[in-house]
Every structure is written in structure tokens, then in C-alpha cells.
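Have a look at the structure below before the remarks.
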Amino acid sequence: MQNPTTIDDTQAMLTAQGYVCGRALATVVFLSLKLGRPLFLEGEAGVGKTEIAKALSAALGRRLIRLQCYEGLDASSAVYEWNFPAQMVAIRTAEASGGADRAALQTELFSDEYLVERPLLEAMRPDENGAPVLLIDELDRTDEPFEAFLLEALSDFQVTIPELGTIKAAEPPIVILTSNRTREVHDALKRRCLYHWVDYPDFDRELEILHARAPEAAENLSREIVAFVQKLRTEDLFKKPGVAETIDWAKCLLALDVINLSPEVIADTLGAILKYQDDIQKLQGSEAKRLLDQAKATLVPA
Ligand SMILES: Nc1ncnc2c1ncn2[C@@H]1O[C@H](COP(=O)(O)OP(=O)(O)OP(=O)(O)O)[C@@H](O)[C@H]1O
Ligand SMILES: [Mg+2]
């Protein structure tokens with residue numbers, strides 16, 4: 001599919017993939033596609049950062065290439081590696097057949113055949129469906145040297161392999177970077193990108209997301225679930241539930257044939273929305289009932 005031509009188109013395109021987003025997010029996505037700028041998304045866990053890349057790749061019919069960041073990730077595992085075992089076999093074979101031409105062997109060993117492409121290099125390769133979507137996920141988990149390296153790779157969309165030369169993307173990939181903000185990402189990298197803070201959705205949007213992702217849930221139950229989760233997020237918790245938890249919880253309640261929320265049902269299924277014992281502890285006793293009553297009070301009869 002062609003890139004969307006307006007913000008409304010962008011929003012509709014994402015909605016068609018079951019991704020519900022507001023105007024502000026649709027605007028940065030549209031601009032990022034139009035200007036060919038990487039999109040940097042920050043936000044709490046489970047608010048739909050990673051999902052945007054998936055929705056975009058599905059909507060545009062582009063390949064999704066994911067670089068999952070972690071502590072200690074280095075350039076070689078992000079760009080390419082040489083297939084060392086295969087190289088060893090080739091050397092042994094050449095030795096066994098005797099009189100190997102050293103120069104020819106050297107050239108062969110460092111050719112495409114022995115090159116293992118990692119996400120960044122893969123994303124530079126041409127693709128018949130158009131440039132892929134490159135998702136650089138959870139960037140805050142890497143360290144600064146890798147960030148500096150990334151900055152370079154993203155500024156000219158090229159990577160250099162000493163033995164092979166420089167490979168430049170004919171068409172730059174669509175780049176989405178995400179961070180949970182466990183640390184600040186460097187300004188220099190942010191400056192290259194369009195930025196958006198993905199916040200928790202408000203009641204209406206979260207209900208819309210639930211309709212999209214758990215359509216089998218009855219309207220009444222969906223509204224109660226969203227109202228309760230929204231209420232829960234205003235509490236002082238160690239880890240607030242994300243949208244992912246709302247969806248999970250709805251699915252758990254459906255599996256239990258729950259029709260309405262009650263303090264008992266909430267107590268039995270809290271593990272779907274709260275993942276820390278301290279937080280779960282806080283909702284023991286009459287607390288769940290108090291929150292549920294408050295949540296229900298916010299629901300105007302549908
Ligand atoms: N706006 C949305 N529209 C539709 N589904 C959504 C939306 N936001 C979140 N989701 C759902 O929530 C789930 C979690 O989203 P996602 O994995 O993108 O979160 P994340 O922000 O990347 O979280 P983390 O920081 O933990 O990686 C997705 O599988 C998706 O189903
Ligand atoms: Mg994610």
C-alpha cells in the first residue's frame with residue numbers, strides 16, 4: 001500500500017489494523033512517513049509502542065525487522081557477524097584438498113556467503129515490497145556506545161563492513177524506536193527523530209481499544225473493566241497496569257464467564273493486571289470494593 005497522504009488517512013490506516021490512536025500520534029506517524037524521519041516513542045510499559053511498528057508494517061505491506069535491544073548489545077550483533085563455524089569448515093576443506101590459494105580463500109571467506117546479516121544490515125537491503133519497517137525496540141536497555149553507533153547508522157542509513165565495503169540503503173527503512181525511559185536517551189539521537197510520548201489512553205480510547213482487541217466482551221463488562229483500570233491508575237502503585245493488562249484481564253474474565261465485576265472476581269483475577277505483590281496487597285480487604293464502587297460511579301448509564 002502507498003503511504004497515507006493525510007493525517008486522517010494515517011489514523012484510518014492504523015485503525016484498520018486494530019490500532020487505536022489519537023490525532024497527535026497519527027500526526028507524528030504521518031510526518032515520519034512523509035519526511036522519512038525515524039520516530040522515537042517513549043511511554044510506560046504496555047501502552048502500545050511496539051504495536052505501532054507492527055500495525056504500520058501490516059498496513060503498508062512492508063517487512064518488519066526487529067532489533068530487540070538489551071544490555072551489552074554491540075554493533076556486531078546488530079549489524080552482521082561472520083559465520084565462523086562455516087568459515088572453519090571451508091578452511092579445513094581447503095587444507096585437506098591441499099595447495100589452497102591463500103588469497104582466493106581469504107576473499108571467499110569474507111564474501112556474502114559467510115556473512116550473517118543482523119537486523120540493521122537486513123533493513124538496508126532492498127525489498128520488492130518497499131523499504132522495511134525497522135523496529136529498534138527498548139533502546140533504553142542498551143548503553144551509550146551503542147547509541148552513538150546507532151546515531152551514525154541512522155543519520156546516513158549506511159553500514160560499513162571492513163572486508164566488504166560500505167552498504168547504503170537505496171531506500172531508507174521506516175524506523176521506529178521505542179523506550180520505556182528507564183534511562184534518558186541521548187539528545188543527539190532524539191534530535192534525529194520525531195518524538196512522541198505514548199500516554200495511557202483516556203476512558204473512551206481505552207474502551208475503543210478493548211472493542212478492537214477483545215470484541216467478544218459484552219459492552220457492559222468492557223466499560224466496567226476500563227473504568228476500574230482507569231481508577232486503578234490513579235492509585236499509588238509500584239507498577240500501573242498498561243493497555244496490554246486491560247486486554248489480558250478482559251480475556252481472563254471472559255474465560256471465566258464473568259458478566260459483571262465484583263470485589264470477589266477482582267480479588268481472584270488481580271494477577272492479570274497487577275504484577276507486583278506489594279500492589280496486589282494494597283487491593284486486599286475492602287480496598288477493591290472501594291475502588292470498584294468509585295469506578296462504577298464514573299460510568300454514566302450507557
Ligand atoms: N492503541 C492501541 N490500539 C490497539 N491495541 C493496543 C493499543 N495499545 C496497546 N495495545 C495492545 O496492548 C498490547 C501491548 O502493546 P505493546 O506491546 O505495543 O506495548 P509497549 O508500549 O511496547 O510495552 P512495553 O514497553 O512493555 O514493550 C499489544 O499487544 C496491543 O494488543
Ligand atoms: Mg514494547
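In the C-alpha cells, each chain is lettered A, B, ... as it comes, each chain's residues begin at 1, and ligands are numbered from 1 in order of appearance.
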
I'd like a table as JSON lines: residues in chain A with an atom no more than 6 Å from ligand 1, each row giving the shortest atom pair and its distance in Å to one decimal, only C-alpha atoms and all ligand atoms counted, sorted by chain and rising residue number.
```
{"residue": "A:Gly18", "atom": "CA", "partner": "ligand 1", "partner_atom_place_in_ligand_line": "4 (C)", "distance": 5.4}
{"residue": "A:Tyr19", "atom": "CA", "partner": "ligand 1", "partner_atom_place_in_ligand_line": "3 (N)", "distance": 3.6}
{"residue": "A:Val20", "atom": "CA", "partner": "ligand 1", "partner_atom_place_in_ligand_line": "3 (N)", "distance": 3.9}
{"residue": "A:Cys21", "atom": "CA", "partner": "ligand 1", "partner_atom_place_in_ligand_line": "1 (N)", "distance": 5.2}
{"residue": "A:Glu44", "atom": "CA", "partner": "ligand 1", "partner_atom_place_in_ligand_line": "25 (O)", "distance": 5.8}
{"residue": "A:Ala45", "atom": "CA", "partner": "ligand 1", "partner_atom_place_in_ligand_line": "25 (O)", "distance": 3.4}
{"residue": "A:Gly46", "atom": "CA", "partner": "ligand 1", "partner_atom_place_in_ligand_line": "23 (O)", "distance": 3.3}
{"residue": "A:Val47", "atom": "CA", "partner": "ligand 1", "partner_atom_place_in_ligand_line": "21 (O)", "distance": 3.9}
{"residue": "A:Gly48", "atom": "CA", "partner": "ligand 1", "partner_atom_place_in_ligand_line": "18 (O)", "distance": 3.1}
{"residue": "A:Lys49", "atom": "CA", "partner": "ligand 1", "partner_atom_place_in_ligand_line": "21 (O)", "distance": 3.7}
{"residue": "A:Thr50", "atom": "CA", "partner": "ligand 1", "partner_atom_place_in_ligand_line": "18 (O)", "distance": 3.6}
{"residue": "A:Glu51", "atom": "CA", "partner": "ligand 1", "partner_atom_place_in_ligand_line": "18 (O)", "distance": 3.5}
{"residue": "A:Asn180", "atom": "CA", "partner": "ligand 1", "partner_atom_place_in_ligand_line": "25 (O)", "distance": 5.3}
{"residue": "A:Ile209", "atom": "CA", "partner": "ligand 1", "partner_atom_place_in_ligand_line": "4 (C)", "distance": 4.9}
{"residue": "A:Val243", "atom": "CA", "partner": "ligand 1", "partner_atom_place_in_ligand_line": "9 (C)", "distance": 5.0}
{"residue": "A:Ala244", "atom": "CA", "partner": "ligand 1", "partner_atom_place_in_ligand_line": "12 (O)", "distance": 3.6}
```

Which of segment 10-95 of chain A counts as strand (DSSP E) under DSSP, as an mmCIF file with C-alpha atoms, in the first residue's frame please?
```
data_model
loop_
_atom_site.group_PDB
_atom_site.id
_atom_site.type_symbol
_atom_site.label_atom_id
_atom_site.label_comp_id
_atom_site.auth_asym_id
_atom_site.auth_seq_id
_atom_site.Cartn_x
_atom_site.Cartn_y
_atom_site.Cartn_z
ATOM 1 C CA LEU A 39 10.012 8.017 15.025
ATOM 2 C CA PHE A 40 11.015 7.876 18.668
ATOM 3 C CA LEU A 41 8.270 6.656 21.004
ATOM 4 C CA GLU A 42 8.541 6.794 24.740
ATOM 5 C CA GLY A 43 6.000 5.736 27.320
ATOM 6 C CA LEU A 64 9.011 -5.871 9.870
ATOM 7 C CA ILE A 65 12.583 -6.141 11.070
ATOM 8 C CA ARG A 66 13.030 -6.002 14.809
ATOM 9 C CA LEU A 67 16.157 -5.163 16.711
ATOM 10 C CA GLN A 68 15.480 -6.051 20.322
ATOM 11 C CA TYR A 80 26.440 -8.504 10.922
ATOM 12 C CA GLU A 81 28.613 -11.369 12.008
ATOM 13 C CA TRP A 82 30.825 -13.733 10.119
#
```

By how many Å are atom CA of Ala170 of chain A and atom CA of Ala153 of chain A apart? 13.9 Å

Spatial neighbours of Ser155 of chain A, max dist 12 Å, only C-alpha atoms, sep filter under 6 positions, as a PyMOL selection string: chain A and resi 36-38+148-149+168-169+172-173+175+188-193

What would the file look like if the residues just selected were written as a tab-separated table (two decimals), in the first residue's frame with C-alpha atoms?
```tsv
chain	number	residue	atom	x	y	z
A	36	GLY	CA	11.45	9.88	6.16
A	37	ARG	CA	12.43	10.64	9.74
A	38	PRO	CA	12.80	7.99	12.45
A	148	ALA	CA	26.39	6.56	19.40
A	149	PHE	CA	26.84	3.84	16.84
A	168	LYS	CA	23.97	2.00	1.78
A	169	ALA	CA	20.21	1.63	1.78
A	172	PRO	CA	15.84	4.20	3.86
A	173	PRO	CA	13.78	1.95	6.12
A	175	VAL	CA	12.42	3.47	11.60
A	188	ALA	CA	21.78	13.80	19.77
A	189	LEU	CA	19.82	10.70	18.90
A	190	LYS	CA	16.49	12.25	19.83
A	191	ARG	CA	17.26	15.22	17.63
A	192	ARG	CA	17.37	12.94	14.58
A	193	CYS	CA	13.89	11.70	15.31
```

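Restricting the calculation to only C-alpha atoms, the smallest distance between Pro119 of chain A and any of A:Leu207, A:Leu135, A:Ile52, A:Ala103 is found for A:Leu135.
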
Distance criterion (only C-alpha atoms): nearest to Phe146 of chain A out of A:Tyr70, A:Phe30, A:Phe228, A:Trp249: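 The shortest atom-to-atom distance to Phe146 of chain A comes from A:Tyr70.
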
Would you give me, as number ranges by chain, the residues in segment 115-277 of chain A that DSSP reads as helix (DSSP H, G or I)? A: 119-124, 139-141, 144-156, 187-192, 203-213, 219-233, 243-255, 263-272, 277

A:Asp204, A:Asp8, A:Glu235, A:Glu163: which is nearest Glu108 of chain A, counting only C-alpha atoms?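 Nearest to Glu108 of chain A: A:Glu163.
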
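Note that the spacing between atom CA of Glu216 of chain A and atom 1 (Mg, counted along the ligand's line) of ligand 2 amounts to 24.9 Å.
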
Computed interatomic separation between atom CA of Gly242 of chain A and atom CA of Leu299 of chain A (Å):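 Computed distance, atom CA of Gly242 of chain A to atom CA of Leu299 of chain A, equals 20.3 Å.
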
Using only C-alpha atoms, determine which residues lie at most 12 Å from Gln2 of chain A, disregarding the query and same-chain residues fewer than 3 positions distant; provide the list as a VMD selection string. chain A and resid 5 to 6 9 to 10 13 33 to 34 56 to 57 59 to 62 129 to 131

Compile the contact shell of Thr166 of chain A as a list in words: residues with an atom at most 12 Å away, counting only C-alpha atoms, same-chain residues fewer than 2 positions apart removed. Leu121, Met124, Ala153, Asp156, Phe157, Gln158, Val159, Thr160, Ile161, Pro162, Glu163, Leu164, Lys168 and Ala169 of chain A
